[in-house]
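Undergrad: Sharing a structure, written as structure tokens. Questions coming.
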Amino acid sequence: MSINPSSLKPIGPLSVGNVVSTGLRLYRSHLKPYFSVALFATLWVVLPFVLIIPLVFLFVSQTLGFSTLWLIMPLWLVIFCYCFSQYLTNSALISRLGFGELIDKPETVNMGRSQLNSRNWSFLFQAILVGLLLLAFYIICGIVALIVAGILGVVLSLINPTFGTMISVIIAVFIVLIGLSWFYSRLWLVEVILAVEEESQVIPSIGRSWELTQTSAFRIQGVFLVTFLVTLPIVLITSYLPQIPLSYMEQGSTTYWTLYIISLVLSFAGGAVIMPFWQAIKAVVYYDVRSRREGLGLQLRDWQSP
């Protein structure tokens, strides 16, 4: 489906609603290529789990010994890491394609993939590093939350012990959630930067994301919330509702495993539908923060001038 590129060009800083609506239009206008990339990425991440099924079967049937299994698992782990790197690369590819549309430098899927194939392992190392940073910050938030909630709980318990406990727990959870979402919003663009900026590297891309989102963290949190609400119906239908019948089935029965496999397929399909939307949103946010900090929007306004 072809569209007028100018209909996707955001002029100036975008509100949360405009970011989400622009991302939705971007995805809808390129539904087939974006979804095909997302489906390809999903198949990559499913592959190692498909490969482990015969290993489990052979182990349960005692055809495969425990010592042999331990020798095979490192190979499976290498396969998993490679497949996950492919998943991350294809996910970032969608954002690269979206950003190309926004700046009127469109690429085909094959063109974009050829630019990113050499960075497969970089996306994996970047994801691991970001995960470790999030874990470290989670620990810090947890410590702060415990201290604040503990002090508040002691003070409020003098008035009403039950009320004090309830409030302290709510405050602790609030601190952790808000803190983590703020920190993650500062690192949210790392994969887009690595995918779009040709000279970027793993560690500098993290610093680059931190710099670009310096004044936009809370707005990005708003984008998180709105995008989550938009995609929630699909998540409920594909991931949670299919799990309900399983609770009424006898575990281990043929019907149970049939429904379980169907629920897994629906869950992965739902993920493939949602992924391009999130990645398109990232492309729009990346464009927007660069417009704010580097004047990219002025360049696009000149492009749009008659």
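Naming works like this for the structure tokens: A, B, ... for the chains as they're shown, residue 1 at the start of each chain, ligands 1 onward in shown order.
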Once you count only C-alpha atoms, what closest atom pair and distance in Å to one decimal does each residue of stretch 59-112 of chain A within 12 Å of stretch 30-44 of chain A have, with rows by chain and rising residue number, as JSON lines?
TA:
{"residue": "A:Ile79", "atom": "CA", "partner": "A:Trp44", "partner_atom": "CA", "distance": 10.2}
{"residue": "A:Phe80", "atom": "CA", "partner": "A:Trp44", "partner_atom": "CA", "distance": 9.0}
{"residue": "A:Cys81", "atom": "CA", "partner": "A:Trp44", "partner_atom": "CA", "distance": 10.5}
{"residue": "A:Tyr82", "atom": "CA", "partner": "A:Trp44", "partner_atom": "CA", "distance": 8.9}
{"residue": "A:Cys83", "atom": "CA", "partner": "A:Trp44", "partner_atom": "CA", "distance": 5.2}
{"residue": "A:Phe84", "atom": "CA", "partner": "A:Trp44", "partner_atom": "CA", "distance": 6.9}
{"residue": "A:Ser85", "atom": "CA", "partner": "A:Trp44", "partner_atom": "CA", "distance": 8.9}
{"residue": "A:Gln86", "atom": "CA", "partner": "A:Trp44", "partner_atom": "CA", "distance": 6.5}
{"residue": "A:Tyr87", "atom": "CA", "partner": "A:Ala41", "partner_atom": "CA", "distance": 4.4}
{"residue": "A:Leu88", "atom": "CA", "partner": "A:Ala41", "partner_atom": "CA", "distance": 7.5}
{"residue": "A:Thr89", "atom": "CA", "partner": "A:Ala41", "partner_atom": "CA", "distance": 8.1}
{"residue": "A:Asn90", "atom": "CA", "partner": "A:Ala41", "partner_atom": "CA", "distance": 5.5}
{"residue": "A:Ser91", "atom": "CA", "partner": "A:Ala38", "partner_atom": "CA", "distance": 6.6}
{"residue": "A:Ala92", "atom": "CA", "partner": "A:Ala38", "partner_atom": "CA", "distance": 9.9}
{"residue": "A:Leu93", "atom": "CA", "partner": "A:Val37", "partner_atom": "CA", "distance": 7.9}
{"residue": "A:Ile94", "atom": "CA", "partner": "A:Tyr34", "partner_atom": "CA", "distance": 6.1}
{"residue": "A:Ser95", "atom": "CA", "partner": "A:Tyr34", "partner_atom": "CA", "distance": 9.3}
{"residue": "A:Arg96", "atom": "CA", "partner": "A:Tyr34", "partner_atom": "CA", "distance": 10.8}
{"residue": "A:Leu97", "atom": "CA", "partner": "A:Tyr34", "partner_atom": "CA", "distance": 8.4}
{"residue": "A:Gly98", "atom": "CA", "partner": "A:His30", "partner_atom": "CA", "distance": 8.8}
{"residue": "A:Glu101", "atom": "CA", "partner": "A:His30", "partner_atom": "CA", "distance": 9.8}
{"residue": "A:Pro106", "atom": "CA", "partner": "A:His30", "partner_atom": "CA", "distance": 11.3}
{"residue": "A:Glu107", "atom": "CA", "partner": "A:Pro33", "partner_atom": "CA", "distance": 11.0}
{"residue": "A:Thr108", "atom": "CA", "partner": "A:Pro33", "partner_atom": "CA", "distance": 8.6}
{"residue": "A:Val109", "atom": "CA", "partner": "A:Pro33", "partner_atom": "CA", "distance": 7.0}
{"residue": "A:Asn110", "atom": "CA", "partner": "A:Val37", "partner_atom": "CA", "distance": 10.2}
{"residue": "A:Gly112", "atom": "CA", "partner": "A:Val37", "partner_atom": "CA", "distance": 11.0}
Undergrad: Among stretch 99-220 of chain A, which residues does DSSP mark as helix (DSSP H, G or I) when it is run on the backbone? Keep the chain and numbering as in the structure and answer as a ChimeraX atom specification.
TA: /A:99-102,109-157,161-187,190-196,202-212,217-220
Undergrad: Between atom CA of A:Trp278 and atom CA of A:Leu102, measure the distance and give it in Å to one decimal.
TA: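 Interatomic distance, atom CA of A:Trp278 to atom CA of A:Leu102: 15.5 Å.
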Undergrad: To one decimal place in Å, what is the distance between atom CA of A:Val20 and atom CA of A:Gly271?
TA: 17.9 Å
Undergrad: When you count only C-alpha atoms, which of these residues is closest to A:Ile220: A:Val284, A:Leu55, A:Ile143, A:Ile159?
TA: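 Using only C-alpha atoms, the shortest distance to A:Ile220 belongs to A:Val284.
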Undergrad: Residues within 9 Å of A:Leu212, please, as JSON, numbers by chain. Count only C-alpha atoms; anything in the same chain fewer than 4 positions from it doesn't count.
TA: {"A": [186, 189, 207, 208, 216, 286, 289, 290, 292, 293]}
Undergrad: With N, CA, C and O atoms kept, could you save the residues just selected as a compact mmCIF listing (two decimals), in the first residue's frame?
TA:
# COMPACT_ATOMS: atom_id res chain seq x y z
N ARG A 186 14.89 5.95 29.35
CA ARG A 186 16.15 6.59 28.96
C ARG A 186 16.98 5.68 28.05
O ARG A 186 17.86 6.16 27.32
N LEU A 189 15.77 3.70 23.26
CA LEU A 189 16.10 3.93 21.86
C LEU A 189 17.41 3.29 21.43
O LEU A 189 17.87 3.51 20.31
N GLY A 207 24.82 5.48 25.71
CA GLY A 207 25.02 6.87 26.07
C GLY A 207 24.26 7.82 25.17
O GLY A 207 23.74 8.85 25.62
N ARG A 208 24.18 7.46 23.90
CA ARG A 208 23.44 8.29 22.93
C ARG A 208 21.95 8.32 23.27
O ARG A 208 21.32 9.38 23.23
N SER A 216 12.90 13.97 27.74
CA SER A 216 11.69 13.33 27.21
C SER A 216 11.28 12.08 27.96
O SER A 216 10.37 11.38 27.51
N TYR A 286 12.17 8.26 18.21
CA TYR A 286 13.56 8.57 17.85
C TYR A 286 13.62 9.78 16.94
O TYR A 286 14.45 10.68 17.14
N VAL A 289 12.73 12.96 19.21
CA VAL A 289 13.76 13.46 20.13
C VAL A 289 14.94 14.04 19.36
O VAL A 289 15.58 15.01 19.82
N ARG A 290 15.22 13.48 18.20
CA ARG A 290 16.28 14.09 17.38
C ARG A 290 15.84 15.44 16.84
O ARG A 290 16.65 16.36 16.70
N ARG A 292 13.93 17.52 18.41
CA ARG A 292 14.01 18.46 19.54
C ARG A 292 15.45 18.87 19.82
O ARG A 292 15.72 20.04 20.12
N ARG A 293 16.38 17.93 19.74
CA ARG A 293 17.75 18.19 20.18
C ARG A 293 18.69 18.55 19.04
O ARG A 293 19.71 19.20 19.27
Undergrad: Name the residues in contact with A:Thr238 at a cut-off of 9 Å, using only C-alpha atoms, excluding same-chain residues fewer than 4 positions from it; report them as a PyMOL selection string.
TA: chain A and resi 233-234+242+263-271
Undergrad: Could you write out that same residue set with all heavy atoms as a tab-separated table (two decimals), in the first residue's frame?
TA:
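Below is the file that was written, out_21.tsv:
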chain	number	residue	atom	x	y	z
A	233	PRO	N	-5.99	-5.20	24.16
A	233	PRO	CA	-7.00	-6.15	23.68
A	233	PRO	C	-6.40	-7.32	22.90
A	233	PRO	O	-6.83	-8.47	23.06
A	233	PRO	CB	-7.90	-5.29	22.78
A	233	PRO	CG	-7.74	-3.90	23.32
A	233	PRO	CD	-6.31	-3.81	23.76
A	234	ILE	N	-5.39	-7.04	22.06
A	234	ILE	CA	-4.76	-8.12	21.29
A	234	ILE	C	-4.04	-9.08	22.23
A	234	ILE	O	-4.09	-10.31	22.05
A	234	ILE	CB	-3.78	-7.53	20.25
A	234	ILE	CG1	-4.54	-6.66	19.25
A	234	ILE	CG2	-3.03	-8.64	19.52
A	234	ILE	CD1	-3.65	-5.97	18.24
A	242	PRO	N	-6.84	-17.67	25.76
A	242	PRO	CA	-6.65	-19.09	25.42
A	242	PRO	C	-6.16	-19.94	26.59
A	242	PRO	O	-6.27	-21.17	26.54
A	242	PRO	CB	-5.60	-19.05	24.30
A	242	PRO	CG	-5.74	-17.70	23.69
A	242	PRO	CD	-6.06	-16.80	24.85
A	263	SER	N	-2.70	-22.40	22.08
A	263	SER	CA	-2.52	-21.15	22.84
A	263	SER	C	-1.13	-20.56	22.59
A	263	SER	O	-0.98	-19.34	22.50
A	263	SER	CB	-2.75	-21.39	24.33
A	263	SER	OG	-1.72	-22.20	24.88
A	264	LEU	N	-0.11	-21.42	22.47
A	264	LEU	CA	1.24	-20.94	22.17
A	264	LEU	C	1.30	-20.30	20.79
A	264	LEU	O	1.90	-19.24	20.62
A	264	LEU	CB	2.25	-22.09	22.26
A	264	LEU	CG	2.68	-22.54	23.65
A	264	LEU	CD1	3.67	-23.70	23.55
A	264	LEU	CD2	3.29	-21.40	24.44
A	265	VAL	N	0.67	-20.95	19.80
A	265	VAL	CA	0.67	-20.41	18.44
A	265	VAL	C	-0.03	-19.05	18.42
A	265	VAL	O	0.46	-18.10	17.80
A	265	VAL	CB	-0.02	-21.39	17.48
A	265	VAL	CG1	-0.22	-20.75	16.11
A	265	VAL	CG2	0.80	-22.67	17.35
A	266	LEU	N	-1.17	-18.95	19.11
A	266	LEU	CA	-1.88	-17.68	19.17
A	266	LEU	C	-1.05	-16.60	19.86
A	266	LEU	O	-1.06	-15.44	19.45
A	266	LEU	CB	-3.22	-17.86	19.90
A	266	LEU	CG	-4.32	-18.61	19.14
A	266	LEU	CD1	-5.52	-18.83	20.04
A	266	LEU	CD2	-4.72	-17.83	17.89
A	267	SER	N	-0.34	-17.00	20.91
A	267	SER	CA	0.48	-16.04	21.64
A	267	SER	C	1.60	-15.49	20.76
A	267	SER	O	1.85	-14.28	20.72
A	267	SER	CB	1.07	-16.71	22.89
A	267	SER	OG	1.88	-15.80	23.60
A	268	PHE	N	2.28	-16.38	20.04
A	268	PHE	CA	3.36	-15.94	19.15
A	268	PHE	C	2.80	-15.10	18.00
A	268	PHE	O	3.42	-14.12	17.58
A	268	PHE	CB	4.13	-17.14	18.60
A	268	PHE	CG	5.08	-17.74	19.60
A	268	PHE	CD1	4.96	-19.06	19.99
A	268	PHE	CD2	6.12	-16.98	20.13
A	268	PHE	CE1	5.84	-19.62	20.91
A	268	PHE	CE2	7.00	-17.52	21.05
A	268	PHE	CZ	6.87	-18.85	21.44
A	269	ALA	N	1.62	-15.49	17.49
A	269	ALA	CA	1.00	-14.71	16.41
A	269	ALA	C	0.64	-13.32	16.90
A	269	ALA	O	0.84	-12.32	16.19
A	269	ALA	CB	-0.24	-15.44	15.89
A	270	GLY	N	0.09	-13.23	18.11
A	270	GLY	CA	-0.22	-11.93	18.69
A	270	GLY	C	1.02	-11.07	18.87
A	270	GLY	O	1.00	-9.86	18.60
A	271	GLY	N	2.11	-11.70	19.30
A	271	GLY	CA	3.36	-10.97	19.43
A	271	GLY	C	3.86	-10.44	18.10
A	271	GLY	O	4.39	-9.32	18.03
Undergrad: Name the residues in contact with A:Glu199 at a cut-off of 12 Å, using only C-alpha atoms, excluding same-chain residues fewer than 4 positions from it; report them as a list in words.
TA: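 Skipping anything fewer than 4 positions along the chain leaves Gln115, Arg119, Ile193, Leu194, Ala195, Ile203, Pro204, Ser205 and Arg208 of chain A.
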